[in-house]
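Peer 1: Dropping in query_31.cif, with mmCIF, N, CA and C atoms.
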```
data_final
#
loop_
_atom_site.label_atom_id
_atom_site.label_comp_id
_atom_site.auth_asym_id
_atom_site.auth_seq_id
_atom_site.Cartn_x
_atom_site.Cartn_y
_atom_site.Cartn_z
N MET E 18 0.85 -1.17 0.00
CA MET E 18 0.00 0.00 0.00
C MET E 18 0.90 1.23 0.00
N PRO E 19 0.63 2.23 -0.90
CA PRO E 19 1.48 3.42 -0.95
C PRO E 19 1.35 4.23 0.34
N ALA E 20 2.42 4.89 0.66
CA ALA E 20 2.44 5.71 1.87
C ALA E 20 1.55 6.93 1.68
N GLN E 21 0.82 7.27 2.71
CA GLN E 21 -0.05 8.44 2.69
C GLN E 21 0.77 9.69 2.98
N PRO E 22 0.52 10.80 2.32
CA PRO E 22 1.26 12.02 2.63
C PRO E 22 0.87 12.52 4.02
N ALA E 23 1.80 13.11 4.65
CA ALA E 23 1.55 13.65 5.98
C ALA E 23 0.56 14.81 5.87
N GLN E 24 -0.28 14.97 6.86
CA GLN E 24 -1.27 16.04 6.84
C GLN E 24 -0.60 17.41 6.77
N ALA E 25 0.58 17.53 7.34
CA ALA E 25 1.26 18.83 7.33
C ALA E 25 1.70 19.22 5.92
N ALA E 26 1.87 18.23 5.00
CA ALA E 26 2.32 18.51 3.65
C ALA E 26 1.22 19.15 2.80
N ILE E 27 -0.04 18.96 3.18
CA ILE E 27 -1.16 19.54 2.43
C ILE E 27 -1.55 20.84 3.12
N PRO E 28 -1.36 22.00 2.45
CA PRO E 28 -1.63 23.28 3.11
C PRO E 28 -3.10 23.52 3.41
N HIS E 29 -3.99 22.91 2.61
CA HIS E 29 -5.43 23.10 2.85
C HIS E 29 -6.18 21.93 2.25
N SER E 30 -7.40 21.80 2.59
CA SER E 30 -8.24 20.71 2.10
C SER E 30 -8.50 20.89 0.60
N PRO E 31 -8.56 19.79 -0.17
CA PRO E 31 -8.86 19.92 -1.60
C PRO E 31 -10.21 20.58 -1.86
N ASP E 32 -11.13 20.50 -0.91
CA ASP E 32 -12.44 21.14 -1.09
C ASP E 32 -12.34 22.65 -1.04
N GLU E 33 -11.27 23.18 -0.49
CA GLU E 33 -11.13 24.62 -0.35
C GLU E 33 -10.42 25.28 -1.52
N VAL E 34 -9.96 24.49 -2.49
CA VAL E 34 -9.24 25.04 -3.63
C VAL E 34 -10.25 25.70 -4.57
N PRO E 35 -10.06 26.97 -4.90
CA PRO E 35 -11.00 27.63 -5.81
C PRO E 35 -10.88 27.04 -7.21
N GLN E 36 -12.01 26.82 -7.85
CA GLN E 36 -12.02 26.27 -9.21
C GLN E 36 -12.68 27.27 -10.13
N THR E 37 -12.07 27.45 -11.28
CA THR E 37 -12.64 28.34 -12.28
C THR E 37 -12.86 27.54 -13.56
N PHE E 38 -13.95 27.79 -14.21
CA PHE E 38 -14.30 27.08 -15.43
C PHE E 38 -14.59 28.10 -16.53
N ARG E 39 -14.24 27.71 -17.75
CA ARG E 39 -14.56 28.58 -18.88
C ARG E 39 -16.07 28.54 -19.13
N VAL E 40 -16.59 29.63 -19.63
CA VAL E 40 -18.00 29.67 -19.97
C VAL E 40 -18.21 28.84 -21.22
N GLY E 41 -19.19 27.99 -21.22
CA GLY E 41 -19.48 27.14 -22.37
C GLY E 41 -20.44 26.06 -21.97
N ASP E 42 -20.77 25.24 -22.92
CA ASP E 42 -21.66 24.13 -22.61
C ASP E 42 -21.10 22.84 -23.19
N ALA E 43 -21.73 21.75 -22.87
CA ALA E 43 -21.25 20.44 -23.32
C ALA E 43 -21.30 20.32 -24.84
N TYR E 44 -22.28 20.97 -25.47
CA TYR E 44 -22.39 20.88 -26.92
C TYR E 44 -21.21 21.54 -27.61
N ALA E 45 -20.80 22.70 -27.12
CA ALA E 45 -19.66 23.40 -27.71
C ALA E 45 -18.38 22.59 -27.51
N GLU E 46 -18.22 22.00 -26.35
CA GLU E 46 -17.03 21.18 -26.08
C GLU E 46 -17.00 19.95 -26.97
N ARG E 47 -18.15 19.30 -27.12
CA ARG E 47 -18.23 18.12 -27.99
C ARG E 47 -17.92 18.49 -29.43
N ASP E 48 -18.47 19.60 -29.91
CA ASP E 48 -18.21 20.03 -31.28
C ASP E 48 -16.73 20.34 -31.50
N ALA E 49 -16.09 20.96 -30.51
CA ALA E 49 -14.66 21.25 -30.62
C ALA E 49 -13.85 19.96 -30.67
N LEU E 50 -14.23 18.97 -29.87
CA LEU E 50 -13.53 17.69 -29.87
C LEU E 50 -13.72 16.96 -31.20
N VAL E 51 -14.93 16.96 -31.72
CA VAL E 51 -15.20 16.32 -33.02
C VAL E 51 -14.38 16.99 -34.12
N HIS E 52 -14.32 18.31 -34.09
CA HIS E 52 -13.55 19.06 -35.09
C HIS E 52 -12.07 18.66 -35.01
N TYR E 53 -11.53 18.60 -33.81
CA TYR E 53 -10.12 18.24 -33.62
C TYR E 53 -9.85 16.82 -34.10
N VAL E 54 -10.71 15.87 -33.74
CA VAL E 54 -10.50 14.47 -34.14
C VAL E 54 -10.60 14.32 -35.65
N ARG E 55 -11.55 15.00 -36.28
CA ARG E 55 -11.66 14.95 -37.74
C ARG E 55 -10.41 15.46 -38.41
N ARG E 56 -9.91 16.62 -37.93
CA ARG E 56 -8.69 17.19 -38.52
C ARG E 56 -7.53 16.23 -38.35
N ASP E 57 -7.43 15.58 -37.19
CA ASP E 57 -6.29 14.71 -36.92
C ASP E 57 -6.37 13.40 -37.70
N LEU E 58 -7.55 12.82 -37.83
CA LEU E 58 -7.68 11.52 -38.48
C LEU E 58 -7.93 11.62 -39.98
N LEU E 59 -8.68 12.61 -40.40
CA LEU E 59 -9.11 12.70 -41.80
C LEU E 59 -8.43 13.82 -42.56
N GLY E 60 -8.16 14.94 -41.86
CA GLY E 60 -7.51 16.07 -42.49
C GLY E 60 -8.51 17.01 -43.12
N PRO E 61 -8.08 18.09 -43.65
CA PRO E 61 -6.71 18.59 -43.64
C PRO E 61 -6.39 19.27 -42.31
N TRP E 62 -5.22 19.01 -41.78
CA TRP E 62 -4.82 19.56 -40.50
C TRP E 62 -4.55 21.06 -40.60
N ASP E 63 -3.88 21.48 -41.67
CA ASP E 63 -3.48 22.88 -41.81
C ASP E 63 -4.47 23.70 -42.62
N GLY E 64 -5.69 23.29 -42.75
CA GLY E 64 -6.69 24.05 -43.48
C GLY E 64 -6.85 23.58 -44.91
N GLU E 65 -7.73 24.23 -45.62
CA GLU E 65 -8.07 23.82 -46.99
C GLU E 65 -6.90 23.93 -47.95
N ALA E 66 -5.95 24.82 -47.68
CA ALA E 66 -4.81 25.02 -48.58
C ALA E 66 -3.60 24.17 -48.18
N GLU E 67 -3.82 23.13 -47.39
CA GLU E 67 -2.71 22.30 -46.92
C GLU E 67 -2.00 21.62 -48.09
N THR E 68 -0.69 21.60 -48.03
CA THR E 68 0.10 20.86 -49.00
C THR E 68 0.94 19.85 -48.24
N LEU E 69 0.94 18.64 -48.71
CA LEU E 69 1.72 17.58 -48.07
C LEU E 69 3.14 17.58 -48.63
N PRO E 70 4.10 17.11 -47.87
CA PRO E 70 5.49 17.08 -48.37
C PRO E 70 5.59 16.28 -49.67
N SER E 71 6.46 16.72 -50.56
CA SER E 71 6.59 16.05 -51.86
C SER E 71 7.11 14.63 -51.72
N ALA E 72 7.83 14.32 -50.65
CA ALA E 72 8.36 12.97 -50.46
C ALA E 72 7.30 12.00 -49.93
N SER E 73 6.16 12.51 -49.49
CA SER E 73 5.13 11.62 -48.92
C SER E 73 4.33 10.98 -50.05
N SER E 74 3.63 9.92 -49.70
CA SER E 74 2.78 9.26 -50.69
C SER E 74 1.34 9.75 -50.57
N GLY E 75 1.19 10.96 -50.06
CA GLY E 75 -0.14 11.56 -49.97
C GLY E 75 -0.72 11.43 -48.58
N PRO E 76 -2.03 11.46 -48.47
CA PRO E 76 -2.69 11.42 -47.17
C PRO E 76 -2.40 10.14 -46.38
N ARG E 77 -1.98 9.08 -47.06
CA ARG E 77 -1.68 7.82 -46.35
C ARG E 77 -0.60 8.01 -45.30
N ASP E 78 0.35 8.90 -45.55
CA ASP E 78 1.44 9.13 -44.60
C ASP E 78 1.01 10.01 -43.44
N ARG E 79 0.07 10.90 -43.64
CA ARG E 79 -0.26 11.89 -42.61
C ARG E 79 -1.48 11.51 -41.79
N TYR E 80 -2.50 10.94 -42.41
CA TYR E 80 -3.78 10.73 -41.74
C TYR E 80 -4.10 9.25 -41.61
N LEU E 81 -4.59 8.86 -40.44
CA LEU E 81 -4.92 7.47 -40.18
C LEU E 81 -6.01 6.98 -41.13
N VAL E 82 -7.00 7.80 -41.40
CA VAL E 82 -8.09 7.38 -42.28
C VAL E 82 -7.56 7.12 -43.69
N GLY E 83 -6.52 7.84 -44.10
CA GLY E 83 -5.92 7.59 -45.41
C GLY E 83 -5.33 6.19 -45.49
N MET E 84 -4.88 5.65 -44.37
CA MET E 84 -4.33 4.30 -44.35
C MET E 84 -5.42 3.25 -44.33
N LEU E 85 -6.59 3.60 -43.82
CA LEU E 85 -7.67 2.63 -43.72
C LEU E 85 -8.48 2.49 -45.00
N GLY E 86 -8.33 3.44 -45.90
CA GLY E 86 -9.09 3.42 -47.13
C GLY E 86 -8.63 2.31 -48.06
N PRO E 87 -9.45 1.95 -49.02
CA PRO E 87 -9.06 0.90 -49.96
C PRO E 87 -7.92 1.36 -50.86
N SER E 88 -7.15 0.41 -51.30
CA SER E 88 -6.07 0.72 -52.23
C SER E 88 -6.67 1.14 -53.57
N PRO E 89 -6.05 2.07 -54.25
CA PRO E 89 -6.58 2.46 -55.56
C PRO E 89 -6.53 1.28 -56.54
N GLN E 90 -7.59 1.10 -57.28
CA GLN E 90 -7.64 0.01 -58.26
C GLN E 90 -7.94 0.62 -59.62
N ASP E 91 -7.43 -0.02 -60.64
CA ASP E 91 -7.69 0.45 -61.99
C ASP E 91 -9.17 0.20 -62.33
N VAL E 92 -9.80 1.22 -62.86
CA VAL E 92 -11.18 1.08 -63.28
C VAL E 92 -11.16 0.63 -64.73
N THR E 93 -11.73 -0.51 -64.98
CA THR E 93 -11.78 -1.05 -66.33
C THR E 93 -13.23 -1.14 -66.77
N THR E 94 -13.42 -1.25 -68.07
CA THR E 94 -14.79 -1.39 -68.58
C THR E 94 -15.43 -2.68 -68.07
N GLU E 95 -14.60 -3.71 -67.85
CA GLU E 95 -15.14 -4.97 -67.33
C GLU E 95 -15.71 -4.77 -65.92
N ARG E 96 -14.99 -4.05 -65.08
CA ARG E 96 -15.48 -3.80 -63.71
C ARG E 96 -16.73 -2.94 -63.73
N ILE E 97 -16.77 -1.95 -64.61
CA ILE E 97 -17.95 -1.09 -64.71
C ILE E 97 -19.15 -1.92 -65.14
N ALA E 98 -18.96 -2.80 -66.13
CA ALA E 98 -20.06 -3.64 -66.61
C ALA E 98 -20.52 -4.60 -65.51
N ARG E 99 -19.58 -5.18 -64.76
CA ARG E 99 -19.92 -6.10 -63.67
C ARG E 99 -20.71 -5.37 -62.58
N ALA E 100 -20.29 -4.16 -62.22
CA ALA E 100 -20.98 -3.38 -61.19
C ALA E 100 -22.39 -3.02 -61.66
N ALA E 101 -22.52 -2.66 -62.94
CA ALA E 101 -23.84 -2.31 -63.48
C ALA E 101 -24.76 -3.53 -63.48
N ALA E 102 -24.21 -4.70 -63.83
CA ALA E 102 -25.02 -5.92 -63.83
C ALA E 102 -25.47 -6.28 -62.42
N GLN E 103 -24.58 -6.14 -61.46
CA GLN E 103 -24.95 -6.43 -60.07
C GLN E 103 -26.01 -5.45 -59.58
N GLY E 104 -25.88 -4.19 -59.97
CA GLY E 104 -26.87 -3.19 -59.59
C GLY E 104 -28.23 -3.48 -60.20
N ALA E 105 -28.23 -3.91 -61.45
CA ALA E 105 -29.49 -4.23 -62.13
C ALA E 105 -30.14 -5.44 -61.49
N ASP E 106 -29.36 -6.44 -61.10
CA ASP E 106 -29.92 -7.63 -60.44
C ASP E 106 -30.56 -7.25 -59.12
N GLY E 107 -29.91 -6.37 -58.37
CA GLY E 107 -30.44 -5.95 -57.07
C GLY E 107 -31.71 -5.15 -57.21
N GLU E 108 -31.78 -4.29 -58.23
CA GLU E 108 -32.97 -3.48 -58.43
C GLU E 108 -34.15 -4.32 -58.85
N SER E 109 -33.95 -5.30 -59.72
CA SER E 109 -35.07 -6.12 -60.17
C SER E 109 -35.59 -6.96 -59.01
N GLY E 110 -34.71 -7.38 -58.11
CA GLY E 110 -35.16 -8.16 -56.95
C GLY E 110 -36.00 -7.32 -56.01
N ARG E 111 -35.68 -6.05 -55.88
CA ARG E 111 -36.45 -5.18 -54.98
C ARG E 111 -37.83 -4.91 -55.56
N ARG E 112 -37.92 -4.74 -56.87
CA ARG E 112 -39.22 -4.46 -57.48
C ARG E 112 -40.14 -5.66 -57.38
N ALA E 113 -39.58 -6.83 -57.51
CA ALA E 113 -40.42 -8.04 -57.45
C ALA E 113 -40.97 -8.25 -56.04
N GLY E 114 -40.25 -7.78 -55.03
CA GLY E 114 -40.68 -7.98 -53.66
C GLY E 114 -41.75 -7.01 -53.21
N ARG E 115 -42.05 -5.99 -54.00
CA ARG E 115 -43.05 -5.00 -53.57
C ARG E 115 -44.43 -5.46 -53.75
#
```
Go ahead and render the structure in this file as C-alpha cells.

Peer 2:
Amino acid sequence: MPAQPAQAAIPHSPDEVPQTFRVGDAYAERDALVHYVRRDLLGPWDGEAETLPSASSGPRDRYLVGMLGPSPQDVTTERIARAAAQGADGESGRRAGR
C-alpha cells in the first residue's frame, strides 16, 4: 500500500481550492472535440490550402483514415459492366418484392 502524505504537507483541504471554469456548454465542447479528431484523423490539419510534403505518398502518410481506405484500383470497362449488372440484379429483386 502506498504511503499516505503527511497532513502537514497539504496546506489546505482539496475542497477549499477555488475552481474556475470557462463559460461554455457540453455541446460546444463536444463540437470542438469532433472538429479536432476529424482534422487529426481525416484532415486537412493545416486548413483547406494544406500541401503535403513532396516525399510523402499523400494522405496515407499523414492521416490514419488515409491508411484505412481501400487501395486504388484500376477502373476497367469490365469492372464497370460487372458493377452495373450487379446493380441491375439488385434493383429487379427489390421491385419483385413490392

Peer 1: Which residues match the PyMOL selection byres (((chain E and resi 57-71 and name CA) around 6) and name CA) in the file above, as a list in words?

Peer 2: Val54, Arg55, Arg56, Ala72, Ser73, Tyr80, Leu81 and Val82 of chain E

Peer 1: Export, as a PDB file, keeping the file's coordinate frame, the selected residues with N, CA and C atoms.

Peer 2:
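The resulting file, result07.pdb, is shown below:
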```pdb
ATOM      1  N   VAL E  54     -10.710  15.870 -33.740  1.00  0.00           N
ATOM      2  CA  VAL E  54     -10.500  14.470 -34.140  1.00  0.00           C
ATOM      3  C   VAL E  54     -10.600  14.320 -35.650  1.00  0.00           C
ATOM      4  N   ARG E  55     -11.550  15.000 -36.280  1.00  0.00           N
ATOM      5  CA  ARG E  55     -11.660  14.950 -37.740  1.00  0.00           C
ATOM      6  C   ARG E  55     -10.410  15.460 -38.410  1.00  0.00           C
ATOM      7  N   ARG E  56      -9.910  16.620 -37.930  1.00  0.00           N
ATOM      8  CA  ARG E  56      -8.690  17.190 -38.520  1.00  0.00           C
ATOM      9  C   ARG E  56      -7.530  16.230 -38.350  1.00  0.00           C
ATOM     10  N   ALA E  72       7.830  14.320 -50.650  1.00  0.00           N
ATOM     11  CA  ALA E  72       8.360  12.970 -50.460  1.00  0.00           C
ATOM     12  C   ALA E  72       7.300  12.000 -49.930  1.00  0.00           C
ATOM     13  N   SER E  73       6.160  12.510 -49.490  1.00  0.00           N
ATOM     14  CA  SER E  73       5.130  11.620 -48.920  1.00  0.00           C
ATOM     15  C   SER E  73       4.330  10.980 -50.050  1.00  0.00           C
ATOM     16  N   TYR E  80      -2.500  10.940 -42.410  1.00  0.00           N
ATOM     17  CA  TYR E  80      -3.780  10.730 -41.740  1.00  0.00           C
ATOM     18  C   TYR E  80      -4.100   9.250 -41.610  1.00  0.00           C
ATOM     19  N   LEU E  81      -4.590   8.860 -40.440  1.00  0.00           N
ATOM     20  CA  LEU E  81      -4.920   7.470 -40.180  1.00  0.00           C
ATOM     21  C   LEU E  81      -6.010   6.980 -41.130  1.00  0.00           C
ATOM     22  N   VAL E  82      -7.000   7.800 -41.400  1.00  0.00           N
ATOM     23  CA  VAL E  82      -8.090   7.380 -42.280  1.00  0.00           C
ATOM     24  C   VAL E  82      -7.560   7.120 -43.690  1.00  0.00           C
TER      25      VAL E  82
END
```

Peer 1: When DSSP works through the backbone of this structure, what residues of segment 22-79 of chain E end up as alpha helix (DSSP H), shown as number ranges by chain?

Peer 2: E: 43-58, 76-79

Peer 1: Just how far from atom CA of Ala105 of chain E is atom N of Thr93 of chain E, in Å to one decimal?

Peer 2: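 Here the two named atoms are 18.4 Å from each other.
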
Peer 1: So how far away is atom CA of Tyr53 of chain E from atom CA of Ser74 of chain E, in Å?

Peer 2: 23.2 Å

Peer 1: How big is the axis-aligned box around all listed atoms of segment 55-62 of chain E once 8 Å goes on each side, and where's its centre, in Å to one decimal, as JSON?

Peer 2:
```
{"center_x": -8.1, "center_y": 16.3, "center_z": -40.0, "size_x": 23.1, "size_y": 25.5, "size_z": 23.4}
```

Peer 1: Separation of atom CA of His52 of chain E and atom CA of Arg79 of chain E, in Å?

Peer 2: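 Going from atom CA of His52 of chain E over to atom CA of Arg79 of chain E, I get 16.9 Å.
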